[in-house]
Amino acid sequence: MNKPATDLEPPRVGAALQALRSSRGLSLDDLSKRAGVSKSMLSQIERNQANPTVAVVWRLANALGVEMGELLGGERAATPAIETVPAHATPGLTSPDGLCKLRILGPIELAGQFEWYELSVQPGGVLDSQAHEPGSREHLSVLTGSLEVTAQGVTSRLKAGETARYAVDGPHAIRNSAKSAATALLVVLHP
């Protein structure tokens with residue numbers, strides 16, 4: 001027999017959230033930035049001092065790459081044989097000057113381990129990056145146009161079909177100094 005609605009408690013997502021966050025090597029701050037949920041709210045949820053709204057559960061599930069039911073105490077849905085991500089659902093980033101665009105092709109659960117992007121750089125565009133953790137490397141494969149990559153004080157010019165592999169545990173940059181747009185695949189490997 002079902003319990004009366006007044007005796008039911010909302011699902012406690014704290015343990016599931018903490019386990020999923022830990023399994024992905026994310027700090028509260030990392031997850032806060034990915035999900036757009038305050039660090040203090042995440043901490044309260046994990047300690048079962050607050051129950052998140054449906055919107056917050058949705059944001060957390062998307063940031064962790066899981067179904068909402070997994071956070072609510074349900075079982076993880078079976079992985080489909082082929083998962084298709086529509087073009088409009090592929091997240092992207094744009095540089096402050098609007099000349100560089102990154103489409104995030106890799107799944108969120110691999111972020112911080114193995115990431116790959118489609119990079120589009122307009123003439124004059126520069127993708128300046130700070131150092132990643134020691135031992136990190138990037139692989140830049142130019143598809144169209146030409147790009148320059150600078151790492152460890154060395155600059156190399158790449159044309160379509162060429163790939164550069166370089167350490168990124170120091171500041172590094174990808175630049176389009178040509179007169180036409182360039183596209184590339186960018187893979188980041190973290191230790």
# chains A, B, ... in the order shown; residues from 1 in each chain; ligands from 1
$ select_by_dssp --residues "chain A" --states "strand (DSSP E or B)" --output "PyMOL selection string"
chain A and resi 92-94+100-104+114-121+126-129+137-144+146-151+154-159+163-167+172-175+182-189
$ closest_residue --among "A:Ala167, A:Ala131, A:Ile174, A:Leu119" --to "A:Thr150" --atoms "only C-alpha atoms"
A:Ile174
$ residues_around --residues "stretch 12-18 of chain A" --least-positions-apart "3" --cutoff "12 Å" --atoms "only C-alpha atoms" --output "NGL selection string"
:A and (8-9 or 21-28 or 31 or 41-54 or 56-57 or 59-61 or 63-76)
$ residues_around --residues "A:Ala173" --least-positions-apart "5" --cutoff "8 Å" --atoms "only C-alpha atoms" --output "VMD selection string"
chain A and resid 126 to 129 149 to 151
$ write_last_selection --atoms "N, CA, C and O atoms" --output "tab-separated table (two decimals), in the first residue's frame"
chain	number	residue	atom	x	y	z
A	126	VAL	N	43.22	35.17	-32.18
A	126	VAL	CA	44.24	34.52	-31.35
A	126	VAL	C	43.53	33.84	-30.19
A	126	VAL	O	42.74	34.46	-29.48
A	127	LEU	N	43.84	32.56	-30.00
A	127	LEU	CA	43.34	31.82	-28.85
A	127	LEU	C	44.51	31.69	-27.88
A	127	LEU	O	45.37	30.83	-28.03
A	128	ASP	N	44.58	32.62	-26.92
A	128	ASP	CA	45.64	32.62	-25.91
A	128	ASP	C	45.19	31.76	-24.74
A	128	ASP	O	44.06	31.89	-24.27
A	129	SER	N	46.07	30.89	-24.27
A	129	SER	CA	45.72	30.00	-23.16
A	129	SER	C	46.77	30.06	-22.08
A	129	SER	O	47.97	30.17	-22.37
A	149	VAL	N	51.06	28.12	-34.13
A	149	VAL	CA	50.97	27.71	-32.73
A	149	VAL	C	52.27	28.11	-32.05
A	149	VAL	O	53.35	27.94	-32.61
A	150	THR	N	52.15	28.69	-30.85
A	150	THR	CA	53.30	29.08	-30.05
A	150	THR	C	53.22	28.37	-28.71
A	150	THR	O	52.20	28.45	-28.02
A	151	ALA	N	54.29	27.65	-28.37
A	151	ALA	CA	54.39	26.96	-27.08
A	151	ALA	C	55.86	26.91	-26.69
A	151	ALA	O	56.73	26.72	-27.56
$ residues_around --residues "A:Pro134" --least-positions-apart "4" --cutoff "10 Å" --atoms "only C-alpha atoms" --output "list of chain:residue names"
A:Ala167, A:Val168, A:Asp169, A:Gly170, A:His190, A:Pro191
$ select_by_dssp --residues "stretch 77-184 of chain A" --states "helix (DSSP H, G or I)" --output "PyMOL selection string"
chain A and resi 87-89+108-110
$ write_last_selection --atoms "all heavy atoms" --output "mmCIF file, in the first residue's frame"
data_model
loop_
_atom_site.group_PDB
_atom_site.id
_atom_site.type_symbol
_atom_site.label_atom_id
_atom_site.label_comp_id
_atom_site.auth_asym_id
_atom_site.auth_seq_id
_atom_site.Cartn_x
_atom_site.Cartn_y
_atom_site.Cartn_z
ATOM 1 N N ALA A 87 23.597 19.022 -33.857
ATOM 2 C CA ALA A 87 24.488 20.182 -33.977
ATOM 3 C C ALA A 87 24.094 21.289 -33.003
ATOM 4 O O ALA A 87 24.962 21.889 -32.368
ATOM 5 C CB ALA A 87 24.486 20.703 -35.410
ATOM 6 N N HIS A 88 22.793 21.538 -32.856
ATOM 7 C CA HIS A 88 22.362 22.628 -31.971
ATOM 8 C C HIS A 88 22.622 22.323 -30.493
ATOM 9 O O HIS A 88 22.625 23.217 -29.667
ATOM 10 C CB HIS A 88 20.876 22.950 -32.194
ATOM 11 C CG HIS A 88 19.954 21.909 -31.650
ATOM 12 N ND1 HIS A 88 19.599 20.796 -32.384
ATOM 13 C CD2 HIS A 88 19.335 21.786 -30.454
ATOM 14 C CE1 HIS A 88 18.787 20.039 -31.652
ATOM 15 N NE2 HIS A 88 18.619 20.616 -30.488
ATOM 16 N N ALA A 89 22.871 21.059 -30.157
ATOM 17 C CA ALA A 89 23.113 20.676 -28.760
ATOM 18 C C ALA A 89 24.599 20.590 -28.437
ATOM 19 O O ALA A 89 24.972 20.297 -27.311
ATOM 20 C CB ALA A 89 22.436 19.347 -28.466
ATOM 21 N N ILE A 108 31.096 15.494 -21.640
ATOM 22 C CA ILE A 108 31.419 16.223 -20.416
ATOM 23 C C ILE A 108 32.143 15.343 -19.402
ATOM 24 O O ILE A 108 33.002 15.808 -18.678
ATOM 25 C CB ILE A 108 30.149 16.874 -19.802
ATOM 26 C CG1 ILE A 108 30.500 17.850 -18.685
ATOM 27 C CG2 ILE A 108 29.191 15.828 -19.285
ATOM 28 C CD1 ILE A 108 31.078 19.134 -19.164
ATOM 29 N N GLU A 109 31.843 14.043 -19.382
ATOM 30 C CA GLU A 109 32.475 13.178 -18.377
ATOM 31 C C GLU A 109 33.970 12.974 -18.625
ATOM 32 O O GLU A 109 34.680 12.526 -17.729
ATOM 33 C CB GLU A 109 31.756 11.829 -18.246
ATOM 34 C CG GLU A 109 31.754 10.973 -19.477
ATOM 35 C CD GLU A 109 30.518 11.175 -20.340
ATOM 36 O OE1 GLU A 109 29.792 12.174 -20.177
ATOM 37 O OE2 GLU A 109 30.284 10.306 -21.199
ATOM 38 N N LEU A 110 34.471 13.333 -19.796
ATOM 39 C CA LEU A 110 35.911 13.224 -20.066
ATOM 40 C C LEU A 110 36.648 14.544 -19.875
ATOM 41 O O LEU A 110 37.875 14.582 -20.000
ATOM 42 C CB LEU A 110 36.154 12.703 -21.486
ATOM 43 C CG LEU A 110 35.752 11.257 -21.753
ATOM 44 C CD1 LEU A 110 36.054 10.876 -23.192
ATOM 45 C CD2 LEU A 110 36.453 10.307 -20.791
#
$ atom_distance --atom1 "atom CA of A:His132" --atom2 "atom CA of A:Asp29"
17.1 Å
$ atom_distance --atom1 "atom CA of A:Glu138" --atom2 "atom CA of A:Pro107"
17.4 Å
$ closest_residue --among "A:Ala81, A:Leu147, A:Ala178, A:Val187" --to "A:Arg165" --atoms "only C-alpha atoms"
A:Val187
$ atom_distance --atom1 "atom CA of A:Gly161" --atom2 "atom CA of A:Asn176"
15.6 Å
$ residues_around --residues "A:Leu102" --least-positions-apart "2" --cutoff "7 Å" --atoms "only C-alpha atoms" --output "JSON, numbers by chain"
{"A": [92, 93, 94, 100, 104, 117, 118, 119, 120]}
$ write_last_selection --atoms "all heavy atoms" --output "PDB file, in the first residue's frame"
ATOM      1  N   GLY A  92      29.488  25.333 -27.185  1.00  0.00           N
ATOM      2  CA  GLY A  92      30.615  26.042 -27.772  1.00  0.00           C
ATOM      3  C   GLY A  92      31.076  27.191 -26.906  1.00  0.00           C
ATOM      4  O   GLY A  92      30.383  27.621 -25.984  1.00  0.00           O
ATOM      5  N   LEU A  93      32.272  27.657 -27.209  1.00  0.00           N
ATOM      6  CA  LEU A  93      32.869  28.802 -26.524  1.00  0.00           C
ATOM      7  C   LEU A  93      33.363  29.772 -27.587  1.00  0.00           C
ATOM      8  O   LEU A  93      33.829  29.358 -28.653  1.00  0.00           O
ATOM      9  CB  LEU A  93      34.068  28.354 -25.676  1.00  0.00           C
ATOM     10  CG  LEU A  93      33.831  27.280 -24.636  1.00  0.00           C
ATOM     11  CD1 LEU A  93      35.157  26.734 -24.128  1.00  0.00           C
ATOM     12  CD2 LEU A  93      33.022  27.852 -23.494  1.00  0.00           C
ATOM     13  N   THR A  94      33.292  31.056 -27.298  1.00  0.00           N
ATOM     14  CA  THR A  94      33.780  32.077 -28.218  1.00  0.00           C
ATOM     15  C   THR A  94      34.752  32.965 -27.467  1.00  0.00           C
ATOM     16  O   THR A  94      34.506  33.328 -26.311  1.00  0.00           O
ATOM     17  CB  THR A  94      32.605  32.923 -28.761  1.00  0.00           C
ATOM     18  OG1 THR A  94      31.686  32.043 -29.409  1.00  0.00           O
ATOM     19  CG2 THR A  94      33.075  33.964 -29.748  1.00  0.00           C
ATOM     20  N   CYS A 100      37.530  33.665 -32.434  1.00  0.00           N
ATOM     21  CA  CYS A 100      37.843  32.243 -32.247  1.00  0.00           C
ATOM     22  C   CYS A 100      36.629  31.548 -31.646  1.00  0.00           C
ATOM     23  O   CYS A 100      36.067  32.023 -30.663  1.00  0.00           O
ATOM     24  CB  CYS A 100      39.030  32.059 -31.305  1.00  0.00           C
ATOM     25  SG  CYS A 100      40.544  32.854 -31.844  1.00  0.00           S
ATOM     26  N   ILE A 104      32.665  22.151 -28.538  1.00  0.00           N
ATOM     27  CA  ILE A 104      33.107  21.100 -27.625  1.00  0.00           C
ATOM     28  C   ILE A 104      32.542  19.773 -28.119  1.00  0.00           C
ATOM     29  O   ILE A 104      31.360  19.494 -27.976  1.00  0.00           O
ATOM     30  CB  ILE A 104      32.644  21.406 -26.180  1.00  0.00           C
ATOM     31  CG1 ILE A 104      33.169  22.779 -25.761  1.00  0.00           C
ATOM     32  CG2 ILE A 104      33.111  20.314 -25.235  1.00  0.00           C
ATOM     33  CD1 ILE A 104      32.556  23.313 -24.482  1.00  0.00           C
ATOM     34  N   TYR A 117      37.976  19.389 -29.613  1.00  0.00           N
ATOM     35  CA  TYR A 117      37.218  20.547 -30.053  1.00  0.00           C
ATOM     36  C   TYR A 117      37.353  20.726 -31.560  1.00  0.00           C
ATOM     37  O   TYR A 117      38.357  20.341 -32.153  1.00  0.00           O
ATOM     38  CB  TYR A 117      37.769  21.830 -29.407  1.00  0.00           C
ATOM     39  CG  TYR A 117      37.850  21.799 -27.916  1.00  0.00           C
ATOM     40  CD1 TYR A 117      38.992  21.342 -27.258  1.00  0.00           C
ATOM     41  CD2 TYR A 117      36.790  22.252 -27.145  1.00  0.00           C
ATOM     42  CE1 TYR A 117      39.072  21.328 -25.878  1.00  0.00           C
ATOM     43  CE2 TYR A 117      36.854  22.240 -25.761  1.00  0.00           C
ATOM     44  CZ  TYR A 117      38.006  21.778 -25.137  1.00  0.00           C
ATOM     45  OH  TYR A 117      38.080  21.758 -23.776  1.00  0.00           O
ATOM     46  N   GLU A 118      36.362  21.377 -32.143  1.00  0.00           N
ATOM     47  CA  GLU A 118      36.485  21.913 -33.490  1.00  0.00           C
ATOM     48  C   GLU A 118      36.776  23.398 -33.306  1.00  0.00           C
ATOM     49  O   GLU A 118      36.027  24.103 -32.621  1.00  0.00           O
ATOM     50  CB  GLU A 118      35.179  21.728 -34.268  1.00  0.00           C
ATOM     51  CG  GLU A 118      35.223  22.319 -35.657  1.00  0.00           C
ATOM     52  CD  GLU A 118      33.869  22.239 -36.325  1.00  0.00           C
ATOM     53  OE1 GLU A 118      33.053  23.167 -36.130  1.00  0.00           O
ATOM     54  OE2 GLU A 118      33.620  21.233 -37.008  1.00  0.00           O
ATOM     55  N   LEU A 119      37.867  23.867 -33.874  1.00  0.00           N
ATOM     56  CA  LEU A 119      38.307  25.248 -33.702  1.00  0.00           C
ATOM     57  C   LEU A 119      38.159  26.003 -35.012  1.00  0.00           C
ATOM     58  O   LEU A 119      38.601  25.527 -36.060  1.00  0.00           O
ATOM     59  CB  LEU A 119      39.779  25.264 -33.249  1.00  0.00           C
ATOM     60  CG  LEU A 119      40.492  26.606 -33.177  1.00  0.00           C
ATOM     61  CD1 LEU A 119      39.827  27.518 -32.149  1.00  0.00           C
ATOM     62  CD2 LEU A 119      41.956  26.381 -32.835  1.00  0.00           C
ATOM     63  N   SER A 120      37.527  27.176 -34.967  1.00  0.00           N
ATOM     64  CA  SER A 120      37.418  28.074 -36.112  1.00  0.00           C
ATOM     65  C   SER A 120      38.059  29.390 -35.707  1.00  0.00           C
ATOM     66  O   SER A 120      37.706  29.962 -34.667  1.00  0.00           O
ATOM     67  CB  SER A 120      35.956  28.332 -36.476  1.00  0.00           C
ATOM     68  OG  SER A 120      35.308  27.132 -36.789  1.00  0.00           O
TER      69      SER A 120
END
$ closest_residue --among "A:Arg34, A:His139, A:Lys101, A:Lys159" --to "A:Gln122" --atoms "only C-alpha atoms"
A:Lys101
$ decode --residues "stretch 131-145 of chain A" --atoms "all heavy atoms" --output "short mmCIF file (atom, residue, chain, number, x, y, z; two decimals), in the first residue's frame"
data_model
loop_
_atom_site.label_atom_id
_atom_site.label_comp_id
_atom_site.auth_asym_id
_atom_site.auth_seq_id
_atom_site.Cartn_x
_atom_site.Cartn_y
_atom_site.Cartn_z
N ALA A 131 48.70 28.21 -18.76
CA ALA A 131 49.26 26.87 -18.56
C ALA A 131 48.21 25.90 -18.03
O ALA A 131 47.40 26.26 -17.18
CB ALA A 131 50.43 26.95 -17.59
N HIS A 132 48.23 24.69 -18.56
CA HIS A 132 47.44 23.58 -18.01
C HIS A 132 48.34 22.88 -16.99
O HIS A 132 49.49 23.25 -16.80
CB HIS A 132 47.03 22.61 -19.12
CG HIS A 132 46.17 23.22 -20.18
ND1 HIS A 132 44.92 23.73 -19.96
CD2 HIS A 132 46.40 23.41 -21.51
CE1 HIS A 132 44.41 24.20 -21.08
NE2 HIS A 132 45.30 24.02 -22.04
N GLU A 133 47.83 21.83 -16.37
CA GLU A 133 48.63 21.12 -15.37
C GLU A 133 49.86 20.48 -16.01
O GLU A 133 49.86 20.19 -17.21
CB GLU A 133 47.79 20.07 -14.62
CG GLU A 133 47.20 19.00 -15.46
CD GLU A 133 45.82 19.34 -16.01
OE1 GLU A 133 45.36 20.49 -15.89
OE2 GLU A 133 45.21 18.44 -16.61
N PRO A 134 50.93 20.29 -15.24
CA PRO A 134 52.17 19.71 -15.78
C PRO A 134 51.90 18.38 -16.50
O PRO A 134 51.12 17.55 -16.02
CB PRO A 134 53.04 19.50 -14.54
CG PRO A 134 52.54 20.51 -13.56
CD PRO A 134 51.06 20.62 -13.82
N GLY A 135 52.54 18.23 -17.65
CA GLY A 135 52.39 17.00 -18.43
C GLY A 135 51.29 17.05 -19.46
O GLY A 135 51.13 16.12 -20.26
N SER A 136 50.50 18.13 -19.50
CA SER A 136 49.41 18.26 -20.48
C SER A 136 49.99 18.54 -21.87
O SER A 136 51.01 19.20 -22.01
CB SER A 136 48.47 19.40 -20.10
OG SER A 136 47.84 19.15 -18.88
N ARG A 137 49.29 18.02 -22.89
CA ARG A 137 49.71 18.22 -24.29
C ARG A 137 48.50 18.53 -25.14
O ARG A 137 47.40 18.10 -24.83
CB ARG A 137 50.42 16.97 -24.82
CG ARG A 137 51.74 16.72 -24.10
CD ARG A 137 52.58 15.65 -24.74
NE ARG A 137 52.99 15.89 -26.12
CZ ARG A 137 54.00 16.66 -26.50
NH1 ARG A 137 54.70 17.30 -25.61
NH2 ARG A 137 54.31 16.78 -27.78
N GLU A 138 48.74 19.28 -26.21
CA GLU A 138 47.70 19.53 -27.20
C GLU A 138 48.16 18.98 -28.54
O GLU A 138 49.36 18.91 -28.82
CB GLU A 138 47.41 21.04 -27.34
CG GLU A 138 46.59 21.61 -26.21
CD GLU A 138 46.22 23.06 -26.39
OE1 GLU A 138 46.62 23.71 -27.39
OE2 GLU A 138 45.52 23.57 -25.51
N HIS A 139 47.17 18.62 -29.35
CA HIS A 139 47.40 18.15 -30.71
C HIS A 139 46.48 19.00 -31.58
O HIS A 139 45.26 18.95 -31.42
CB HIS A 139 47.04 16.67 -30.85
CG HIS A 139 47.80 15.79 -29.91
ND1 HIS A 139 48.79 14.94 -30.34
CD2 HIS A 139 47.74 15.64 -28.57
CE1 HIS A 139 49.29 14.30 -29.31
NE2 HIS A 139 48.68 14.71 -28.23
N LEU A 140 47.06 19.79 -32.46
CA LEU A 140 46.31 20.69 -33.33
C LEU A 140 46.45 20.22 -34.77
O LEU A 140 47.55 20.19 -35.31
CB LEU A 140 46.84 22.12 -33.19
CG LEU A 140 46.18 23.16 -34.08
CD1 LEU A 140 44.75 23.44 -33.61
CD2 LEU A 140 46.99 24.45 -34.09
N SER A 141 45.34 19.82 -35.38
CA SER A 141 45.33 19.37 -36.78
C SER A 141 44.54 20.38 -37.60
O SER A 141 43.33 20.54 -37.42
CB SER A 141 44.67 17.98 -36.90
OG SER A 141 45.41 17.03 -36.19
N VAL A 142 45.23 21.05 -38.51
CA VAL A 142 44.60 22.08 -39.33
C VAL A 142 43.84 21.41 -40.47
O VAL A 142 44.38 20.60 -41.20
CB VAL A 142 45.65 23.07 -39.87
CG1 VAL A 142 44.99 24.11 -40.79
CG2 VAL A 142 46.37 23.76 -38.73
N LEU A 143 42.55 21.76 -40.60
CA LEU A 143 41.70 21.20 -41.65
C LEU A 143 41.65 22.12 -42.87
O LEU A 143 41.73 21.65 -44.01
CB LEU A 143 40.29 20.96 -41.11
CG LEU A 143 40.18 20.00 -39.92
CD1 LEU A 143 38.76 19.96 -39.40
CD2 LEU A 143 40.67 18.62 -40.30
N THR A 144 41.48 23.43 -42.63
CA THR A 144 41.45 24.40 -43.73
C THR A 144 42.23 25.64 -43.30
O THR A 144 42.29 25.97 -42.12
CB THR A 144 40.01 24.83 -44.09
OG1 THR A 144 39.42 25.50 -42.97
CG2 THR A 144 39.14 23.64 -44.50
N GLY A 145 42.82 26.32 -44.28
CA GLY A 145 43.58 27.53 -43.99
C GLY A 145 44.93 27.21 -43.36
O GLY A 145 45.49 26.13 -43.57
#
